[in-house]
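A quick write-up on the structure given underneath.
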Amino acid sequence: MLRITEIKLPVENAQSLTHQADEIKTALLKRLEIPESDLIHFDIFKRGVDARKSHAILYVYSLDVTVKNEAKILAKFRKDAHIKPAPDTEYKYVVQNTSSDKPRPVVVGFGPAGIFAALILAQSGFKPIVLERGKAVRERTKDTWGLWRKNKLNPESNVQFGEGGAGTFSDGKLYSQIKDPKHYGRKVIQEFVKAGAPQEILYVSHPHIGTFRLVGMVEEMRNTIIALGGEIRFESRVEDIELTKDQDGQNQVQAVVLQTGERIATNHLVLAVGHSARDTFEMIYKRGIYIEAKPFSIGFRIEHPQSLIDKARYGKSYSEDLLSKLGAADYKLVHHAKNGRSVYSFCMCPGGTVVAAASEPNRVVTNGMSQYSRNERNANAGIVVAITPEVDYPDHPLAGMELQRQLEGNAFVLGGSNYNAPGQLIGDFIANRPSTNFGEVTPSYTPGVHLTNLDTALPEFAITAIREAIPEFAKQVKGFDLADGVLTGVETRTSSPIRIKRDDESLQSINTKGLYPCGEGAGYAGGILSAGVDGIKVAEAVALSLNAA
C-alpha cells in the first residue's frame, strides 16, 4: 500500500467535510500518472486545510492507495517525498495473559490516561481494578451543573474529578504535537470511534468530539473494560499508598488504602489522577515518592464573538457555505513580551463556553468547553503566561500547586466570594481601569461574572505581558483587541504543577517500584490524545512486568 500526501483540492468544490470520491480519484490518478484500471482502492487517511491564501482555501488529503505495479510506481517516484510506502498503523499488543493467577493491576483515576491504561490491560487479559474518586459520568454531570447553575461545589464530583476526567468537559480536541512513532494515537482514535465518536475523527487533521458525545463514549468504554473482566469502582478515593522496602532498600508498592479504610493489595499501581489531585500529590510527597515541580502557565479566558474570529481567519473566502464546510474558525497565537515572558493562546474553543472548573472550596478556576457543533455565540481561549519553578516558585516540589491555590482563592474573593468569576472588558484591562458594564460580548461563564479590575488577579509580570500581547495578537487576528471582549479569571490548570518522575525504560517511579506515574497529572501528557497515548505506554509496561513475574 502507498501513502500519497499533498493532494490539494479547492474547499469550495467539496460537498461537506470531503470532496466526492470521483474528484479525489481524478486528482490521484493524475498525481500517480496511471490509468484508472491500475487503481485498486484508496482511503482517506488524513484531511487537512491550507488556509494560507484566504481567497483560495484548500483541502489537503493524505491517501492510502492500493495499486497494480506498486514497485514500479515507487521506483518512478523514488525522489518524491509525497509518494511512499504506507506505514503499518495497526496496534499490536505486547503480550496476552493466559494465566488466571496473575495479580490484578490497579489503576487510580479514570480520565483519558486511566481509561486507556485500563482498556489495554483488559484487552491484554489482565483484568484491572480501576479506582475513581468521583462519580460515574452522568451523575458527575449533574454535580457539575450544580456549580454552574446553583453556585454549589461538590469537591469530589466536578469538572476535574469523575469518570472521563477533565477532558469530558472540554472541546474534546484529539490532536497533539507529541512524537508517536508507534502510532498509539491511531489506536486512541479508533477506540473512540468504536465507542461512538464520529467517523470523521479518523481523518480530519484537527478532530474534536465535544462534551455531550464524550459522555456516551466514556460509558461505552467503561462497559468494554467490564466485559473483559475489569472492575470499575466509583467514589473510591485513594487516601494512602502502602510501601515496603525491597532487598535493595528501595520503595516497593504493596497496597492502596481507600477513604473507607479498605485496603487493596497490589504491586502494580498505575497513578493516573489528573492535574488537580492536590491531596494525592501531598500524600505521595509525604510518602517519600519522588516528585518535582514543573512549568505550567497562568492567565485568563478571553471571549470574542465567534463571527469576529470567523471573518478574521477566513478573510475574503468567508461565507456561510464555507462555514458549513470548515466549521467555526480557531486560532493559535504566541507573543514574546518585552519582560521576557511568553504569552500564548491555550485550549481555544470555537463556538464554546467558559466554564467553572474549581475542585476545591472557595476557589475560582476557568476552563473552556465546546459541543461537537461549536455553534455557541462566543469564541474563547486561555491567554496565558508561561512560568517556571526556577524563577517563579522555587525551593519546594509543591510550591507551584500552592501558587495555583493562592491565585484561585484570590479570584474567588475578586468575583464576590460566591463562585462568580472576576471579569473585565478587554479595553478596560489594557487601559487599567475597572469595568462597570458589559458591551457587545455577553460572557458565557456560569454561575456569573463580576466585573472588576483584574490588575491584582495575577502577578504583575503576567498582567504586563498579557496587556502587551493582546494588541499584538490583533495584528494576526483582526479585532482581537475588541474593547467589548471579555477577560474572565483565572486560568491556572493548564497542566500539572508537578512531575512524578519515572524511569524512561520501565516507566516506574524512579524511587518506587511498582508505581507507574501516568498521564497529565504525573506530568507526562497535555490533553486527551497525549494522555490516552501515555495510558497505552504505561499499560504495556505493566503488562510486560506482570507477564515476567
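In the C-alpha cells, each chain is lettered A, B, ... as it comes, each chain's residues begin at 1, and ligands are numbered from 1 in order of appearance.
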
- Contacts of Asn13 of chain A at 12 Å (only C-alpha atoms; same-chain gap of 4+ positions) as a PyMOL selection string: chain A and resi 8-9+17-20+23-24+56-59+321-322+325

- Go through segment 379-415 of chain A and collect every residue that DSSP, computed from the backbone, puts in alpha helix (DSSP H); the answer should be as a count of residues only. 20

- Task: Find the distance between atom CA of Tyr314 of chain A and atom CA of Phe480 of chain A and write it in Å to one decimal.
- Result: 14.5 Å

- Item | Residue contacts of Lys513 of chain A (7 Å, only C-alpha atoms) excluding same-chain residues fewer than 6 positions away, as a ChimeraX atom specification | /A:251-253

Can you write just those residues out, N, CA and C atoms, as a PDB file, in the first residue's frame?
```
ATOM      1  N   ASN A 251      11.878   1.628  47.764  1.00  0.00           N
ATOM      2  CA  ASN A 251      10.437   1.542  47.983  1.00  0.00           C
ATOM      3  C   ASN A 251       9.800   0.558  47.003  1.00  0.00           C
ATOM      4  N   GLN A 252       8.785  -0.177  47.491  1.00  0.00           N
ATOM      5  CA  GLN A 252       8.009  -1.085  46.647  1.00  0.00           C
ATOM      6  C   GLN A 252       6.531  -0.941  47.029  1.00  0.00           C
ATOM      7  N   VAL A 253       5.686  -0.680  46.063  1.00  0.00           N
ATOM      8  CA  VAL A 253       4.245  -0.600  46.325  1.00  0.00           C
ATOM      9  C   VAL A 253       3.731  -1.958  46.757  1.00  0.00           C
TER      10      VAL A 253
END
```

- re atom CA of Ile7 of chain A and atom CA of Val193 of chain A: distance 25.2 Å

- Query: Quick one: residues within 12 Å of Val256 of chain A, only C-alpha atoms counted, chain neighbours fewer than 5 positions away excluded, as a ChimeraX atom specification?
  - Reply: /A:105-108,129-131,236-243,261-271,280,283-284,514-515

Selected residues written out, N, CA, C and O atoms, as a short mmCIF file (atom, residue, chain, number, x, y, z; two decimals), in the first residue's frame:
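Result file result29.cif:
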```cif
data_model
loop_
_atom_site.label_atom_id
_atom_site.label_comp_id
_atom_site.auth_asym_id
_atom_site.auth_seq_id
_atom_site.Cartn_x
_atom_site.Cartn_y
_atom_site.Cartn_z
N PRO A 105 -3.59 -5.68 38.36
CA PRO A 105 -3.09 -4.31 38.47
C PRO A 105 -4.21 -3.37 38.90
O PRO A 105 -5.39 -3.63 38.64
N VAL A 106 -3.83 -2.28 39.54
CA VAL A 106 -4.79 -1.26 39.99
C VAL A 106 -4.50 0.04 39.24
O VAL A 106 -3.34 0.46 39.15
N VAL A 107 -5.54 0.64 38.71
CA VAL A 107 -5.43 1.92 38.02
C VAL A 107 -6.19 2.95 38.84
O VAL A 107 -7.39 2.79 39.12
N VAL A 108 -5.51 4.02 39.25
CA VAL A 108 -6.13 5.07 40.04
C VAL A 108 -6.40 6.26 39.12
O VAL A 108 -5.47 6.87 38.58
N ILE A 129 -8.30 -3.42 38.19
CA ILE A 129 -9.24 -2.77 39.12
C ILE A 129 -9.02 -1.27 38.98
O ILE A 129 -7.91 -0.77 39.16
N VAL A 130 -10.09 -0.53 38.67
CA VAL A 130 -10.00 0.92 38.50
C VAL A 130 -10.65 1.61 39.68
O VAL A 130 -11.80 1.29 40.04
N LEU A 131 -9.93 2.54 40.29
CA LEU A 131 -10.43 3.31 41.42
C LEU A 131 -10.57 4.76 41.00
O LEU A 131 -9.58 5.41 40.67
N SER A 236 -14.29 6.14 45.08
CA SER A 236 -13.27 5.35 45.77
C SER A 236 -11.96 6.14 45.76
O SER A 236 -11.09 5.90 44.91
N ARG A 237 -11.84 7.06 46.67
CA ARG A 237 -10.65 7.92 46.74
C ARG A 237 -9.52 7.20 47.46
O ARG A 237 -9.70 6.65 48.54
N VAL A 238 -8.35 7.21 46.84
CA VAL A 238 -7.17 6.61 47.46
C VAL A 238 -6.59 7.60 48.46
O VAL A 238 -6.19 8.70 48.10
N GLU A 239 -6.56 7.18 49.73
CA GLU A 239 -6.05 8.01 50.80
C GLU A 239 -4.57 7.78 51.06
O GLU A 239 -3.87 8.66 51.54
N ASP A 240 -4.09 6.57 50.75
CA ASP A 240 -2.71 6.27 51.08
C ASP A 240 -2.19 5.17 50.16
O ASP A 240 -2.96 4.38 49.59
N ILE A 241 -0.89 5.15 50.00
CA ILE A 241 -0.20 4.08 49.28
C ILE A 241 0.75 3.42 50.26
O ILE A 241 1.62 4.08 50.83
N GLU A 242 0.56 2.13 50.50
CA GLU A 242 1.43 1.40 51.41
C GLU A 242 2.69 0.98 50.66
O GLU A 242 2.62 0.41 49.57
N LEU A 243 3.82 1.25 51.28
CA LEU A 243 5.11 0.90 50.69
C LEU A 243 5.88 -0.01 51.63
O LEU A 243 5.73 0.07 52.85
N GLY A 261 -11.10 3.12 54.47
CA GLY A 261 -10.22 2.26 55.24
C GLY A 261 -9.92 0.93 54.56
O GLY A 261 -9.04 0.17 55.01
N GLU A 262 -10.63 0.64 53.46
CA GLU A 262 -10.40 -0.62 52.75
C GLU A 262 -8.99 -0.64 52.17
O GLU A 262 -8.52 0.34 51.59
N ARG A 263 -8.35 -1.79 52.26
CA ARG A 263 -7.01 -1.99 51.74
C ARG A 263 -7.07 -2.92 50.54
O ARG A 263 -7.67 -3.99 50.61
N ILE A 264 -6.45 -2.50 49.43
CA ILE A 264 -6.40 -3.33 48.22
C ILE A 264 -4.95 -3.62 47.91
O ILE A 264 -4.17 -2.71 47.59
N ALA A 265 -4.56 -4.86 47.99
CA ALA A 265 -3.17 -5.24 47.75
C ALA A 265 -2.87 -5.18 46.26
O ALA A 265 -3.67 -5.62 45.42
N THR A 266 -1.72 -4.65 45.93
CA THR A 266 -1.25 -4.65 44.54
C THR A 266 0.23 -4.31 44.52
O THR A 266 0.72 -3.56 45.37
N ASN A 267 0.95 -4.85 43.55
CA ASN A 267 2.34 -4.43 43.34
C ASN A 267 2.54 -3.82 41.96
O ASN A 267 3.66 -3.66 41.51
N HIS A 268 1.41 -3.51 41.29
CA HIS A 268 1.43 -2.80 40.01
C HIS A 268 0.34 -1.74 40.05
O HIS A 268 -0.84 -2.03 39.83
N LEU A 269 0.76 -0.52 40.37
CA LEU A 269 -0.18 0.58 40.58
C LEU A 269 0.03 1.68 39.54
O LEU A 269 1.10 2.31 39.50
N VAL A 270 -0.98 1.91 38.70
CA VAL A 270 -0.95 2.99 37.72
C VAL A 270 -1.58 4.22 38.35
O VAL A 270 -2.75 4.19 38.74
N LEU A 271 -0.82 5.29 38.47
CA LEU A 271 -1.31 6.51 39.09
C LEU A 271 -1.64 7.51 37.98
O LEU A 271 -0.76 8.16 37.42
N THR A 280 -3.68 14.09 46.61
CA THR A 280 -2.86 12.93 46.25
C THR A 280 -1.39 13.33 46.11
O THR A 280 -0.49 12.60 46.56
N MET A 283 0.01 13.60 49.49
CA MET A 283 0.19 12.29 50.12
C MET A 283 1.43 11.59 49.60
O MET A 283 2.24 11.06 50.39
N ILE A 284 1.65 11.60 48.28
CA ILE A 284 2.81 10.87 47.77
C ILE A 284 4.12 11.58 48.14
O ILE A 284 5.14 10.93 48.33
N GLY A 514 6.93 -0.57 41.20
CA GLY A 514 5.51 -0.93 41.14
C GLY A 514 4.59 0.25 40.99
O GLY A 514 3.38 0.06 40.83
N LEU A 515 5.12 1.48 41.04
CA LEU A 515 4.30 2.68 40.85
C LEU A 515 4.56 3.22 39.45
O LEU A 515 5.71 3.55 39.11
#
```

- Task: Go ahead and compute the interatomic distance for atom CA of His206 of chain A and atom CA of Thr488 of chain A, in Å to one decimal.
- Result: 26.2 Å

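Within 12 Å of Ala71 of chain A, once only C-alpha atoms are used and residues closer than 6 positions along the same chain are dropped, the contacting residues are Met1, Leu2, Phe77, Arg78, Ile83, Lys84 and Pro85 of chain A.
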
Limited to all heavy atoms, could you put the picked residues into a file as a JSON list (two decimals), in the first residue's frame?
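What ended up in result38.json:
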```json
[["chain", "number", "residue", "atom", "x", "y", "z"],
["A", 1, "MET", "N", 0.84, -1.20, 0.00],
["A", 1, "MET", "CA", 0.00, 0.00, 0.00],
["A", 1, "MET", "C", 0.88, 1.25, 0.00],
["A", 1, "MET", "O", 1.92, 1.27, 0.64],
["A", 1, "MET", "CB", -0.92, 0.01, 1.23],
["A", 1, "MET", "CG", -1.93, 1.15, 1.25],
["A", 1, "MET", "SD", -2.91, 1.17, 2.76],
["A", 1, "MET", "CE", -3.83, -0.36, 2.58],
["A", 2, "LEU", "N", 0.42, 2.28, -0.69],
["A", 2, "LEU", "CA", 1.15, 3.53, -0.78],
["A", 2, "LEU", "C", 0.48, 4.60, 0.07],
["A", 2, "LEU", "O", -0.74, 4.59, 0.27],
["A", 2, "LEU", "CB", 1.20, 4.03, -2.23],
["A", 2, "LEU", "CG", 1.84, 3.10, -3.27],
["A", 2, "LEU", "CD1", 1.69, 3.70, -4.65],
["A", 2, "LEU", "CD2", 3.30, 2.86, -2.94],
["A", 77, "PHE", "N", 8.83, 7.26, -8.65],
["A", 77, "PHE", "CA", 8.75, 8.46, -7.80],
["A", 77, "PHE", "C", 9.67, 8.33, -6.58],
["A", 77, "PHE", "O", 9.38, 8.86, -5.51],
["A", 77, "PHE", "CB", 7.31, 8.66, -7.33],
["A", 77, "PHE", "CG", 6.34, 9.01, -8.43],
["A", 77, "PHE", "CD1", 5.54, 8.03, -9.00],
["A", 77, "PHE", "CD2", 6.24, 10.31, -8.89],
["A", 77, "PHE", "CE1", 4.64, 8.35, -10.02],
["A", 77, "PHE", "CE2", 5.34, 10.64, -9.90],
["A", 77, "PHE", "CZ", 4.54, 9.65, -10.47],
["A", 78, "ARG", "N", 10.79, 7.65, -6.74],
["A", 78, "ARG", "CA", 11.66, 7.38, -5.60],
["A", 78, "ARG", "C", 12.19, 8.65, -4.93],
["A", 78, "ARG", "O", 12.55, 8.63, -3.75],
["A", 78, "ARG", "CB", 12.83, 6.48, -6.02],
["A", 78, "ARG", "CG", 13.75, 7.08, -7.05],
["A", 78, "ARG", "CD", 14.80, 6.06, -7.52],
["A", 78, "ARG", "NE", 15.70, 6.60, -8.51],
["A", 78, "ARG", "CZ", 15.42, 6.68, -9.80],
["A", 78, "ARG", "NH1", 14.24, 6.24, -10.25],
["A", 78, "ARG", "NH2", 16.29, 7.18, -10.65],
["A", 83, "ILE", "N", 5.20, 10.42, -2.04],
["A", 83, "ILE", "CA", 4.74, 9.11, -2.52],
["A", 83, "ILE", "C", 5.67, 8.06, -1.91],
["A", 83, "ILE", "O", 6.81, 7.88, -2.34],
["A", 83, "ILE", "CB", 4.75, 9.03, -4.06],
["A", 83, "ILE", "CG1", 3.86, 10.11, -4.66],
["A", 83, "ILE", "CG2", 4.31, 7.64, -4.53],
["A", 83, "ILE", "CD1", 3.89, 10.16, -6.17],
["A", 84, "LYS", "N", 5.16, 7.39, -0.87],
["A", 84, "LYS", "CA", 5.98, 6.44, -0.11],
["A", 84, "LYS", "C", 5.14, 5.23, 0.28],
["A", 84, "LYS", "O", 3.91, 5.28, 0.23],
["A", 84, "LYS", "CB", 6.53, 7.11, 1.16],
["A", 84, "LYS", "CG", 7.47, 8.29, 0.90],
["A", 84, "LYS", "CD", 8.78, 7.84, 0.28],
["A", 84, "LYS", "CE", 9.72, 9.01, 0.03],
["A", 84, "LYS", "NZ", 10.97, 8.58, -0.65],
["A", 85, "PRO", "N", 5.79, 4.15, 0.70],
["A", 85, "PRO", "CA", 5.01, 3.03, 1.26],
["A", 85, "PRO", "C", 4.24, 3.50, 2.50],
["A", 85, "PRO", "O", 4.76, 4.26, 3.32],
["A", 85, "PRO", "CB", 6.09, 2.00, 1.63],
["A", 85, "PRO", "CG", 7.26, 2.35, 0.78],
["A", 85, "PRO", "CD", 7.23, 3.84, 0.63]]
```

- Contacts of Phe234 of chain A at 6 Å (only C-alpha atoms; same-chain gap of 6+ positions) as a ChimeraX atom specification: /A:132-135

With N, CA, C and O atoms retained, export the selected residues as a PDB file, in the first residue's frame.
```
ATOM      1  N   GLU A 132     -11.793   5.276  40.980  1.00  0.00           N
ATOM      2  CA  GLU A 132     -12.064   6.659  40.599  1.00  0.00           C
ATOM      3  C   GLU A 132     -12.727   7.377  41.771  1.00  0.00           C
ATOM      4  O   GLU A 132     -13.763   6.930  42.274  1.00  0.00           O
ATOM      5  N   ARG A 133     -12.142   8.484  42.205  1.00  0.00           N
ATOM      6  CA  ARG A 133     -12.660   9.194  43.373  1.00  0.00           C
ATOM      7  C   ARG A 133     -14.019   9.825  43.107  1.00  0.00           C
ATOM      8  O   ARG A 133     -14.830  10.010  44.014  1.00  0.00           O
ATOM      9  N   GLY A 134     -14.281  10.204  41.866  1.00  0.00           N
ATOM     10  CA  GLY A 134     -15.540  10.847  41.519  1.00  0.00           C
ATOM     11  C   GLY A 134     -16.619   9.851  41.152  1.00  0.00           C
ATOM     12  O   GLY A 134     -16.499   8.646  41.358  1.00  0.00           O
ATOM     13  N   LYS A 135     -17.689  10.385  40.556  1.00  0.00           N
ATOM     14  CA  LYS A 135     -18.854   9.569  40.229  1.00  0.00           C
ATOM     15  C   LYS A 135     -18.851   9.165  38.760  1.00  0.00           C
ATOM     16  O   LYS A 135     -18.067   9.652  37.961  1.00  0.00           O
TER      17      LYS A 135
END
```

- Show which residues sit within 12 Å of Gln199 of chain A, as a VMD selection string. Count only C-alpha atoms, and ignore same-chain residues fewer than 2 positions away. chain A and resid 17 44 to 45 189 to 197 201 to 204 207 to 209

Deliver the residues from the most recent selection as a file, using N, CA and C atoms, as a short mmCIF file (atom, residue, chain, number, x, y, z; two decimals), in the first residue's frame.
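Writing the result to again.cif gives the following:
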```cif
data_model
loop_
_atom_site.label_atom_id
_atom_site.label_comp_id
_atom_site.auth_asym_id
_atom_site.auth_seq_id
_atom_site.Cartn_x
_atom_site.Cartn_y
_atom_site.Cartn_z
N LEU A 17 -17.43 17.68 4.49
CA LEU A 17 -16.11 17.53 5.09
C LEU A 17 -15.07 17.04 4.09
N ILE A 44 -9.13 7.75 2.52
CA ILE A 44 -8.61 9.00 3.06
C ILE A 44 -7.98 8.70 4.42
N PHE A 45 -6.68 8.92 4.54
CA PHE A 45 -6.02 8.75 5.82
C PHE A 45 -6.09 10.04 6.64
N ILE A 189 -7.80 6.97 18.72
CA ILE A 189 -8.91 7.48 17.90
C ILE A 189 -9.80 6.33 17.43
N GLN A 190 -9.21 5.21 17.06
CA GLN A 190 -10.02 4.06 16.64
C GLN A 190 -10.91 3.56 17.77
N GLU A 191 -10.40 3.55 19.00
CA GLU A 191 -11.23 3.12 20.13
C GLU A 191 -12.35 4.13 20.39
N PHE A 192 -12.08 5.40 20.19
CA PHE A 192 -13.14 6.40 20.35
C PHE A 192 -14.24 6.19 19.31
N VAL A 193 -13.85 5.93 18.07
CA VAL A 193 -14.86 5.68 17.02
C VAL A 193 -15.67 4.43 17.36
N LYS A 194 -15.00 3.39 17.82
CA LYS A 194 -15.69 2.17 18.22
C LYS A 194 -16.70 2.45 19.33
N ALA A 195 -16.37 3.43 20.18
CA ALA A 195 -17.24 3.77 21.32
C ALA A 195 -18.33 4.78 20.95
N GLY A 196 -18.36 5.23 19.69
CA GLY A 196 -19.45 6.10 19.26
C GLY A 196 -19.06 7.47 18.75
N ALA A 197 -17.76 7.77 18.65
CA ALA A 197 -17.33 9.05 18.10
C ALA A 197 -17.60 9.08 16.60
N ILE A 201 -13.32 11.68 12.72
CA ILE A 201 -12.13 11.94 13.55
C ILE A 201 -10.96 11.06 13.12
N LEU A 202 -11.24 10.02 12.32
CA LEU A 202 -10.17 9.17 11.81
C LEU A 202 -9.31 9.89 10.79
N TYR A 203 -9.86 10.93 10.13
CA TYR A 203 -9.08 11.53 9.05
C TYR A 203 -8.94 13.05 9.09
N VAL A 204 -9.83 13.78 9.79
CA VAL A 204 -9.66 15.23 9.80
C VAL A 204 -8.43 15.58 10.62
N PRO A 207 -9.28 16.89 14.76
CA PRO A 207 -10.57 16.35 15.18
C PRO A 207 -10.97 16.80 16.57
N HIS A 208 -12.26 16.87 16.79
CA HIS A 208 -12.80 17.14 18.12
C HIS A 208 -14.11 16.38 18.25
N ILE A 209 -14.55 16.22 19.49
CA ILE A 209 -15.76 15.42 19.75
C ILE A 209 -16.84 16.26 20.43
#
```

- Task: Would you list, as number ranges by chain, the residues of segment 260-421 of chain A that end up in strand (DSSP E) under DSSP run on this structure's backbone?
- Result: A: 263-265, 269-271, 292-293, 296-305, 334-336, 342-349, 353-356, 366-369, 378-387, 421

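Shortest separation to Val538 of chain A among A:Tyr175, A:Tyr93, A:Phe116, A:Phe169 occurs at residue A:Phe116, atoms counted being only C-alpha atoms.
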
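Using only C-alpha atoms, the nearest neighbour of Val215 of chain A within the list A:Ala122, A:Ile289, A:Ala277, A:Val137 is A:Val137.
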
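Of the residues listed (A:Pro305, A:Gly299, A:Gly532, A:Gly416), A:Gly299 shows the shortest atom-to-atom separation from Phe346 of chain A; distances use only C-alpha atoms.
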
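If only C-alpha atoms are the atoms counted, then among A:Ile232, A:Leu39, A:Val354, A:Ala227 the closest residue to Trp148 of chain A is A:Val354.
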
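Nearest to Pro397 of chain A of all the residues A:Cys349, A:Ile115, A:Leu228, A:Ile500 is A:Ile500, counting only C-alpha atoms.
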
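Between Lys173 of chain A and the residues A:Gly210, A:Ser16, A:Thr494, A:Phe296, the shortest atom-to-atom distance, using only C-alpha atoms, involves A:Gly210.
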